[in-house]
file start_30.txt (compact mmCIF, C-alpha atoms and all ligand atoms)
# COMPACT_ATOMS: atom_id res chain seq x y z
CA MET A 1 4.53 36.46 9.62
CA THR A 2 7.96 36.57 7.98
CA THR A 3 9.12 33.77 5.69
CA SER A 4 11.79 32.69 8.17
CA ASN A 5 9.12 32.27 10.89
CA ILE A 6 7.05 30.03 8.66
CA VAL A 7 10.10 27.91 7.99
CA LEU A 8 11.04 27.69 11.65
CA GLU A 9 7.49 26.71 12.56
CA LEU A 10 7.46 24.01 9.91
CA ILE A 11 10.75 22.61 11.15
CA ASP A 12 9.12 22.21 14.55
CA ALA A 13 5.65 21.13 13.44
CA PHE A 14 6.28 17.37 13.44
CA ARG A 15 7.78 17.61 16.92
CA HIS A 16 4.53 19.14 18.17
CA SER A 17 2.48 16.34 16.63
CA LYS A 18 4.76 13.58 17.89
CA THR A 19 4.76 15.00 21.44
CA MET A 20 0.96 14.87 21.52
CA PHE A 21 0.95 11.37 19.95
CA ALA A 22 3.37 10.06 22.62
CA ALA A 23 1.37 11.65 25.44
CA VAL A 24 -1.83 10.03 24.15
CA GLU A 25 -0.11 6.64 23.76
CA LEU A 26 1.13 6.86 27.36
CA GLY A 27 -2.38 7.69 28.62
CA ILE A 28 -1.29 11.07 30.02
CA PHE A 29 -4.68 12.71 29.42
CA ASP A 30 -6.42 9.79 31.15
CA GLY A 31 -4.32 10.59 34.21
CA ALA A 32 -1.60 7.96 33.74
CA ARG A 33 1.94 8.88 34.86
CA PRO A 34 3.80 5.64 34.06
CA ALA A 35 6.79 5.47 36.39
CA GLU A 36 8.92 3.33 34.07
CA TYR A 37 9.36 6.28 31.68
CA LYS A 38 12.48 7.93 33.15
CA GLU A 39 12.00 11.20 31.26
CA LEU A 40 8.24 11.52 31.68
CA THR A 41 8.55 14.99 33.22
CA ARG A 42 10.14 16.24 30.00
CA LEU A 43 7.07 15.10 28.07
CA LEU A 44 4.65 16.60 30.63
CA ASP A 45 6.50 19.92 30.59
CA ALA A 46 6.43 20.03 26.78
CA CYS A 47 2.64 19.56 26.85
CA ILE A 48 2.24 22.82 28.82
CA PRO A 49 3.25 25.31 26.08
CA LEU A 50 1.43 23.09 23.57
CA GLY A 51 -1.74 24.00 25.49
CA LEU A 52 -2.54 20.42 26.51
CA LEU A 53 -1.57 20.40 30.21
CA GLU A 54 -1.33 23.04 32.91
CA ARG A 55 0.33 23.08 36.34
CA ARG A 56 -1.75 23.09 39.48
CA GLY A 57 0.68 23.06 42.42
CA ASP A 58 2.90 20.06 41.73
CA GLN A 59 0.23 18.36 39.58
CA TYR A 60 -0.18 18.40 35.80
CA VAL A 61 -3.85 18.67 34.79
CA ASN A 62 -5.59 18.57 31.41
CA THR A 63 -6.52 21.86 29.77
CA ASP A 64 -10.16 22.07 28.60
CA VAL A 65 -9.25 21.18 25.01
CA ALA A 66 -7.24 18.13 26.12
CA ASP A 67 -10.05 17.04 28.41
CA ARG A 68 -12.53 17.17 25.55
CA TYR A 69 -10.50 15.66 22.70
CA LEU A 70 -7.63 13.71 24.26
CA ARG A 71 -9.27 11.84 27.15
CA SER A 72 -10.14 8.40 25.78
CA ASP A 73 -13.55 8.23 27.51
CA SER A 74 -14.72 11.66 26.28
CA PRO A 75 -17.60 11.44 23.76
CA ASP A 76 -15.62 13.79 21.49
CA THR A 77 -12.35 11.89 21.78
CA LEU A 78 -9.88 12.00 18.88
CA THR A 79 -7.50 9.47 20.46
CA GLY A 80 -8.39 6.76 17.92
CA TYR A 81 -7.26 8.98 15.06
CA ILE A 82 -4.18 10.05 17.03
CA ARG A 83 -3.14 6.43 17.69
CA TYR A 84 -3.75 5.57 14.02
CA SER A 85 -1.69 8.66 13.06
CA ASN A 86 1.14 7.66 15.38
CA ARG A 87 1.25 3.97 14.45
CA ALA A 88 0.44 4.07 10.73
CA LEU A 89 0.57 7.57 9.21
CA PHE A 90 3.70 8.85 10.96
CA PRO A 91 5.98 6.00 9.78
CA MET A 92 4.46 6.03 6.27
CA TRP A 93 4.88 9.80 5.88
CA GLY A 94 8.57 9.17 6.62
CA HIS A 95 8.72 7.86 3.03
CA LEU A 96 6.83 10.72 1.34
CA GLU A 97 9.58 11.23 -1.25
CA ASP A 98 9.32 7.55 -2.32
CA ALA A 99 5.52 7.89 -2.58
CA LEU A 100 5.94 10.99 -4.77
CA ARG A 101 8.47 9.26 -7.00
CA GLU A 102 6.61 5.97 -7.37
CA GLY A 103 3.06 7.32 -7.15
CA SER A 104 1.92 4.65 -4.70
CA SER A 105 1.10 4.08 -1.04
CA ARG A 106 3.72 3.05 1.52
CA TRP A 107 2.02 0.13 3.33
CA LYS A 108 4.27 -2.49 1.79
CA GLN A 109 7.45 -0.48 2.36
CA VAL A 110 6.65 0.12 6.02
CA PHE A 111 4.56 -2.85 7.12
CA GLY A 112 5.20 -5.47 4.38
CA GLY A 113 2.54 -7.67 2.81
CA ASP A 114 0.29 -7.36 -0.22
CA GLY A 115 -3.45 -7.41 -0.69
CA PRO A 116 -6.39 -5.07 -1.15
CA LEU A 117 -6.14 -1.62 0.38
CA PHE A 118 -8.30 -2.17 3.46
CA THR A 119 -6.49 -5.37 4.50
CA HIS A 120 -3.60 -2.99 5.27
CA PHE A 121 -5.74 -0.70 7.42
CA TYR A 122 -7.18 -3.79 9.14
CA GLN A 123 -3.96 -5.74 9.80
CA SER A 124 -5.15 -6.56 13.31
CA GLU A 125 -8.36 -6.07 15.25
CA ASP A 126 -6.65 -3.35 17.29
CA ALA A 127 -5.48 -1.52 14.14
CA MET A 128 -9.01 -1.72 12.71
CA ARG A 129 -10.54 -0.46 15.95
CA GLN A 130 -8.10 2.50 16.14
CA PHE A 131 -8.79 3.42 12.51
CA LEU A 132 -12.57 3.20 12.89
CA LEU A 133 -12.59 5.07 16.20
CA GLY A 134 -10.43 7.67 14.49
CA MET A 135 -12.98 8.03 11.70
CA HIS A 136 -15.68 8.25 14.36
CA GLY A 137 -14.01 11.05 16.32
CA PHE A 138 -13.66 13.12 13.15
CA GLY A 139 -17.12 12.17 11.99
CA ARG A 140 -18.75 13.54 15.12
CA ILE A 141 -17.34 16.93 14.09
CA THR A 142 -18.01 16.69 10.35
CA SER A 143 -21.29 14.77 9.95
CA PRO A 144 -23.75 17.32 11.48
CA PRO A 145 -22.72 20.10 9.03
CA VAL A 146 -22.61 17.63 6.11
CA VAL A 147 -26.21 16.41 6.64
CA ALA A 148 -27.33 20.03 7.17
CA ALA A 149 -25.67 21.28 3.95
CA PHE A 150 -28.74 20.28 1.87
CA ASP A 151 -32.42 19.78 2.70
CA LEU A 152 -32.65 15.97 2.72
CA SER A 153 -36.15 15.84 4.26
CA ARG A 154 -37.75 14.40 1.10
CA PHE A 155 -35.71 11.19 1.27
CA GLN A 156 -37.02 8.10 3.08
CA HIS A 157 -34.10 5.70 3.40
CA LEU A 158 -30.41 6.57 3.62
CA VAL A 159 -27.82 3.83 3.08
CA ASP A 160 -24.34 4.97 4.14
CA LEU A 161 -21.87 2.91 2.09
CA GLY A 162 -18.63 2.34 3.99
CA GLY A 163 -20.40 4.03 6.89
CA ALA A 164 -18.13 2.54 9.58
CA THR A 165 -19.41 3.34 13.09
CA GLY A 166 -22.52 5.09 11.74
CA HIS A 167 -21.83 8.68 12.80
CA LEU A 168 -23.23 10.10 9.53
CA ALA A 169 -26.39 7.98 9.79
CA GLY A 170 -26.78 9.11 13.41
CA ALA A 171 -26.38 12.79 12.51
CA ALA A 172 -28.88 12.34 9.64
CA ARG A 173 -31.51 10.74 11.93
CA GLU A 174 -31.05 13.55 14.42
CA ARG A 175 -31.69 16.18 11.75
CA TYR A 176 -34.39 14.24 9.83
CA PRO A 177 -36.23 12.14 12.45
CA ASN A 178 -38.38 10.37 9.81
CA LEU A 179 -35.39 9.11 7.85
CA LYS A 180 -34.65 5.39 8.00
CA THR A 181 -30.92 4.63 7.91
CA THR A 182 -28.72 1.63 7.14
CA VAL A 183 -24.95 1.51 7.61
CA PHE A 184 -23.19 -0.81 5.14
CA ASP A 185 -19.53 -1.79 5.60
CA LEU A 186 -17.10 -4.69 5.25
CA PRO A 187 -17.84 -7.90 7.21
CA GLN A 188 -14.81 -7.32 9.50
CA VAL A 189 -16.31 -3.96 10.50
CA ALA A 190 -19.79 -5.45 10.98
CA ALA A 191 -18.25 -8.06 13.30
CA LEU A 192 -17.09 -5.23 15.55
CA PHE A 193 -20.19 -3.03 15.28
CA PRO A 194 -23.33 -5.19 15.21
CA GLN A 195 -25.59 -2.41 13.86
CA VAL A 196 -23.62 -2.51 10.57
CA THR A 197 -25.00 -4.45 7.56
CA PRO A 198 -22.08 -6.49 6.20
CA GLY A 199 -21.10 -6.31 2.54
CA ASP A 200 -18.58 -5.21 -0.06
CA PHE A 201 -19.75 -2.24 -2.13
CA PHE A 202 -17.67 -3.40 -5.12
CA THR A 203 -18.88 -7.00 -5.25
CA ASP A 204 -22.21 -7.30 -3.35
CA PRO A 205 -25.65 -5.90 -4.23
CA LEU A 206 -26.33 -2.56 -2.52
CA PRO A 207 -29.23 -2.41 -0.04
CA PRO A 208 -32.08 -0.49 -1.75
CA ALA A 209 -32.32 3.21 -0.88
CA ASP A 210 -33.49 6.54 -2.29
CA LEU A 211 -30.43 8.25 -0.79
CA TYR A 212 -26.91 6.80 -0.62
CA ALA A 213 -24.01 8.42 1.20
CA LEU A 214 -20.28 8.09 0.58
CA GLY A 215 -18.29 9.73 3.40
CA ARG A 216 -14.55 9.81 2.77
CA ILE A 217 -14.89 6.85 0.39
CA LEU A 218 -14.25 8.29 -3.08
CA HIS A 219 -10.92 9.79 -1.95
CA ASP A 220 -9.67 6.25 -1.17
CA TRP A 221 -9.97 5.04 -4.76
CA SER A 222 -8.70 5.60 -8.31
CA ASP A 223 -10.98 7.28 -10.88
CA GLU A 224 -11.67 3.83 -12.41
CA LYS A 225 -12.83 2.31 -9.12
CA CYS A 226 -14.88 5.43 -8.32
CA LYS A 227 -16.56 5.06 -11.72
CA THR A 228 -17.42 1.40 -10.97
CA LEU A 229 -18.94 2.33 -7.61
CA LEU A 230 -20.81 5.38 -8.90
CA ASP A 231 -22.26 3.42 -11.84
CA LYS A 232 -23.53 0.84 -9.37
CA ILE A 233 -25.10 3.48 -7.10
CA TYR A 234 -26.73 5.22 -10.06
CA ALA A 235 -28.22 1.94 -11.26
CA ALA A 236 -29.58 1.15 -7.77
CA LEU A 237 -31.29 4.54 -7.28
CA PRO A 238 -34.87 5.31 -8.30
CA PRO A 239 -35.40 8.42 -10.48
CA GLY A 240 -35.07 11.48 -8.22
CA GLY A 241 -32.89 9.50 -5.79
CA GLY A 242 -29.75 11.09 -4.41
CA LEU A 243 -26.14 10.53 -3.51
CA LEU A 244 -24.59 12.58 -0.69
CA VAL A 245 -20.79 12.77 -0.86
CA ALA A 246 -18.74 14.00 2.12
CA GLU A 247 -15.18 14.92 1.18
CA LYS A 248 -12.78 17.85 1.40
CA LEU A 249 -13.08 19.89 -1.79
CA LEU A 250 -9.56 20.50 -3.05
CA SER A 251 -8.50 24.03 -3.96
CA GLU A 252 -5.20 25.89 -4.12
CA THR A 253 -5.82 27.67 -0.82
CA ASN A 254 -7.34 24.80 1.19
CA LEU A 255 -4.32 23.70 3.21
CA ALA A 256 -6.13 20.84 4.99
CA ALA A 257 -7.28 19.43 1.64
CA GLN A 258 -3.78 19.75 0.18
CA MET A 259 -2.33 17.86 3.19
CA GLN A 260 -5.03 15.22 2.85
CA ASN A 261 -4.22 14.91 -0.85
CA LEU A 262 -0.61 14.00 0.08
CA ASN A 263 -1.93 11.70 2.80
CA MET A 264 -4.08 9.85 0.27
CA LEU A 265 -0.97 9.31 -1.89
CA VAL A 266 0.99 7.89 1.05
CA VAL A 267 -1.85 5.71 2.35
CA THR A 268 -4.32 4.86 -0.45
CA GLU A 269 -4.68 4.56 -4.21
CA GLY A 270 -6.89 7.66 -4.27
CA ARG A 271 -6.66 11.44 -4.09
CA GLU A 272 -8.60 14.50 -3.00
CA ARG A 273 -10.52 16.13 -5.84
CA THR A 274 -11.82 19.59 -6.67
CA ALA A 275 -15.55 20.30 -6.88
CA GLN A 276 -15.16 20.13 -10.65
CA GLY A 277 -13.38 16.78 -10.33
CA TYR A 278 -16.33 15.32 -8.41
CA THR A 279 -18.81 16.84 -10.86
CA THR A 280 -16.97 15.17 -13.74
CA LEU A 281 -16.98 11.76 -12.02
CA LEU A 282 -20.66 12.04 -11.07
CA ARG A 283 -21.74 13.22 -14.51
CA ALA A 284 -19.85 10.31 -16.11
CA ALA A 285 -21.97 7.95 -13.99
CA GLY A 286 -25.18 9.63 -15.23
CA PHE A 287 -25.99 12.13 -12.45
CA GLN A 288 -27.18 15.31 -14.17
CA HIS A 289 -27.83 17.54 -11.18
CA VAL A 290 -24.74 18.01 -8.96
CA GLU A 291 -24.37 20.68 -6.26
CA HIS A 292 -21.52 21.38 -3.85
CA ARG A 293 -21.51 23.13 -0.48
CA VAL A 294 -18.41 24.28 1.38
CA THR A 295 -19.40 23.73 5.03
CA GLY A 296 -16.53 25.44 6.87
CA ALA A 297 -16.06 22.12 8.72
CA PRO A 298 -13.26 19.67 7.84
CA LEU A 299 -15.53 17.96 5.27
CA ASP A 300 -17.62 19.55 2.53
CA ALA A 301 -20.78 18.16 0.95
CA THR A 302 -21.92 17.29 -2.57
CA LEU A 303 -25.43 16.19 -3.54
CA ALA A 304 -26.03 14.44 -6.87
CA ILE A 305 -29.54 13.62 -8.07
CA LYS A 306 -30.51 10.92 -10.56
C1 LIG A 401 -12.00 6.27 5.13
S1 LIG A 401 -13.17 5.23 5.91
C2 LIG A 401 -14.58 6.27 6.02
C3 LIG A 401 -15.58 5.79 7.02
C4 LIG A 401 -16.84 6.65 7.16
N1 LIG A 401 -17.60 6.75 5.94
C5 LIG A 401 -16.47 8.03 7.68
O1 LIG A 401 -16.60 9.01 6.95
O2 LIG A 401 -16.03 8.11 8.82
C6 LIG A 401 -13.59 4.09 4.62
C7 LIG A 401 -14.62 3.07 5.03
O3 LIG A 401 -14.96 2.28 3.88
C8 LIG A 401 -15.06 0.93 4.27
N2 LIG A 401 -14.81 0.11 3.08
C9 LIG A 401 -13.64 -0.03 2.40
N3 LIG A 401 -13.79 -0.84 1.36
C10 LIG A 401 -15.10 -1.24 1.37
C11 LIG A 401 -15.86 -2.08 0.54
N4 LIG A 401 -15.30 -2.68 -0.53
N5 LIG A 401 -17.17 -2.28 0.84
C12 LIG A 401 -17.73 -1.68 1.92
N6 LIG A 401 -17.06 -0.83 2.74
C13 LIG A 401 -15.74 -0.63 2.47
C14 LIG A 401 -14.01 0.78 5.35
O4 LIG A 401 -14.22 -0.37 6.15
C15 LIG A 401 -14.16 2.09 6.10
O5 LIG A 401 -15.13 2.01 7.11
call {"tool": "encode", "arguments": {"input": "start_30.txt", "output": "structure tokens", "more": "lines below"}}
Ligand SMILES: C[S@@+](CC[C@H](N)C(=O)[O-])C[C@H]1O[C@@H](n2cnc3c(N)ncnc32)[C@H](O)[C@@H]1O
result
Amino acid sequence: MTTSNIVLELIDAFRHSKTMFAAVELGIFDGARPAEYKELTRLLDACIPLGLLERRGDQYVNTDVADRYLRSDSPDTLTGYIRYSNRALFPMWGHLEDALREGSSRWKQVFGGDGPLFTHFYQSEDAMRQFLLGMHGFGRITSPPVVAAFDLSRFQHLVDLGGATGHLAGAARERYPNLKTTVFDLPQVAALFPQVTPGDFFTDPLPPADLYALGRILHDWSDEKCKTLLDKIYAALPPGGGLLVAEKLLSETNLAAQMQNLNMLVVTEGRERTAQGYTTLLRAAGFQHVEHRVTGAPLDATLAIK
């Protein structure tokens, strides 16, 4: 591809995303054709070359990929993450230059208000639900390869810290049927998903386990807060106990990880880290044995043993 083609594609890239976001918001892939949108046909037509709709006679029907990932009642739906992207990420990325200059997230600039990081994500019950369903849709893709990246069959009890809807615990039980699992998350999350044990991993005692998991948690936080959490996990583990970390491993050529690293700047106080970066953090907490696996899926896996 020539340089000019890359540039032209990048000029258009946000238009592609926003077209899909709008179509999801309007319920197009659930069959809605809301009559009050005067220019709806323009949106439907644009979804055809994007590969999301096709024409059958005078009807627009979902392509297979749209039917699987963009219909809200599909088990593999990504609509939660798309709505969260449209309502939160898209406006915040509009201020990327400010985030780069100031080195901080854009919640206050875009939505106002102060407070701890996750009070921004959870500004309303709907915002929390969209965020968590977004995590869930991604997790259904990433958790099976993450739990398969290492042989975890020797562990008895997995506690997934910040485990949200429990997709990682579910994937782990499927692969290791004798494993007991507990999902631990903030009380607001537990109120929505009754199988979740409520608690704050910074301030409450951790449920006992011989294997903890942190899926997309460390990338939310500064090195100092990661150190606090990792020290606490290390202290709670028995000798030989483990910590499974699911994150993208940053490298120069991993485009998705580089994009997520910018996203973490815009949205959190954290960052993506290289394999070496995670090793350094884990070693500082006391973990001697640290191994990484690149899974080929959107999240990689790290196992640290006490
Ligand atoms: C980026 S999401 C990742 C969710 C899940 N692990 C996954 O991979 O899909 C971060 C999760 O951490 C939870 N969380 C944030 N702060 C927490 C805290 N102090 N204690 C417990 N959970 C927390 C959030 O509620 C959210 O579910």
call {"tool": "residues_near_ligand", "arguments": {"input": "start_30.txt", "ligand": "ligand LIG 401 (chain A)", "cutoff": "9 Å", "atoms": "only C-alpha atoms and all ligand atoms", "output": "ChimeraX atom specification"}}
result
/A:116-118,121-122,128,131-140,142-143,160-168,184-190,198-204,213-220,246-247
call {"tool": "atom_distance", "arguments": {"input": "start_30.txt", "atom1": "CA of Gln288 (chain A)", "atom2": "CA of Ala304 (chain A)"}}
result
7.4 Å
call {"tool": "atom_distance", "arguments": {"input": "start_30.txt", "atom1": "CA of Gly115 (chain A)", "atom2": "CA of Arg101 (chain A)"}}
result
21.4 Å
call {"tool": "residues_around", "arguments": {"input": "start_30.txt", "residues": "Ala66 (chain A)", "least_positions_apart": "3", "cutoff": "9 Å", "atoms": "all atoms listed in the file", "output": "ChimeraX atom specification"}}
result
/A:29,51-53,62-63,69-71
call {"tool": "closest_residue", "arguments": {"input": "start_30.txt", "among": "A:Pro75, A:Arg56, A:His157, A:Cys47", "to": "Arg15 (chain A)", "atoms": "all atoms listed in the file"}}
result
A:Cys47
call {"tool": "atom_distance", "arguments": {"input": "start_30.txt", "atom1": "CA of Gly240 (chain A)", "atom2": "CA of Lys306 (chain A)"}}
result
5.2 Å
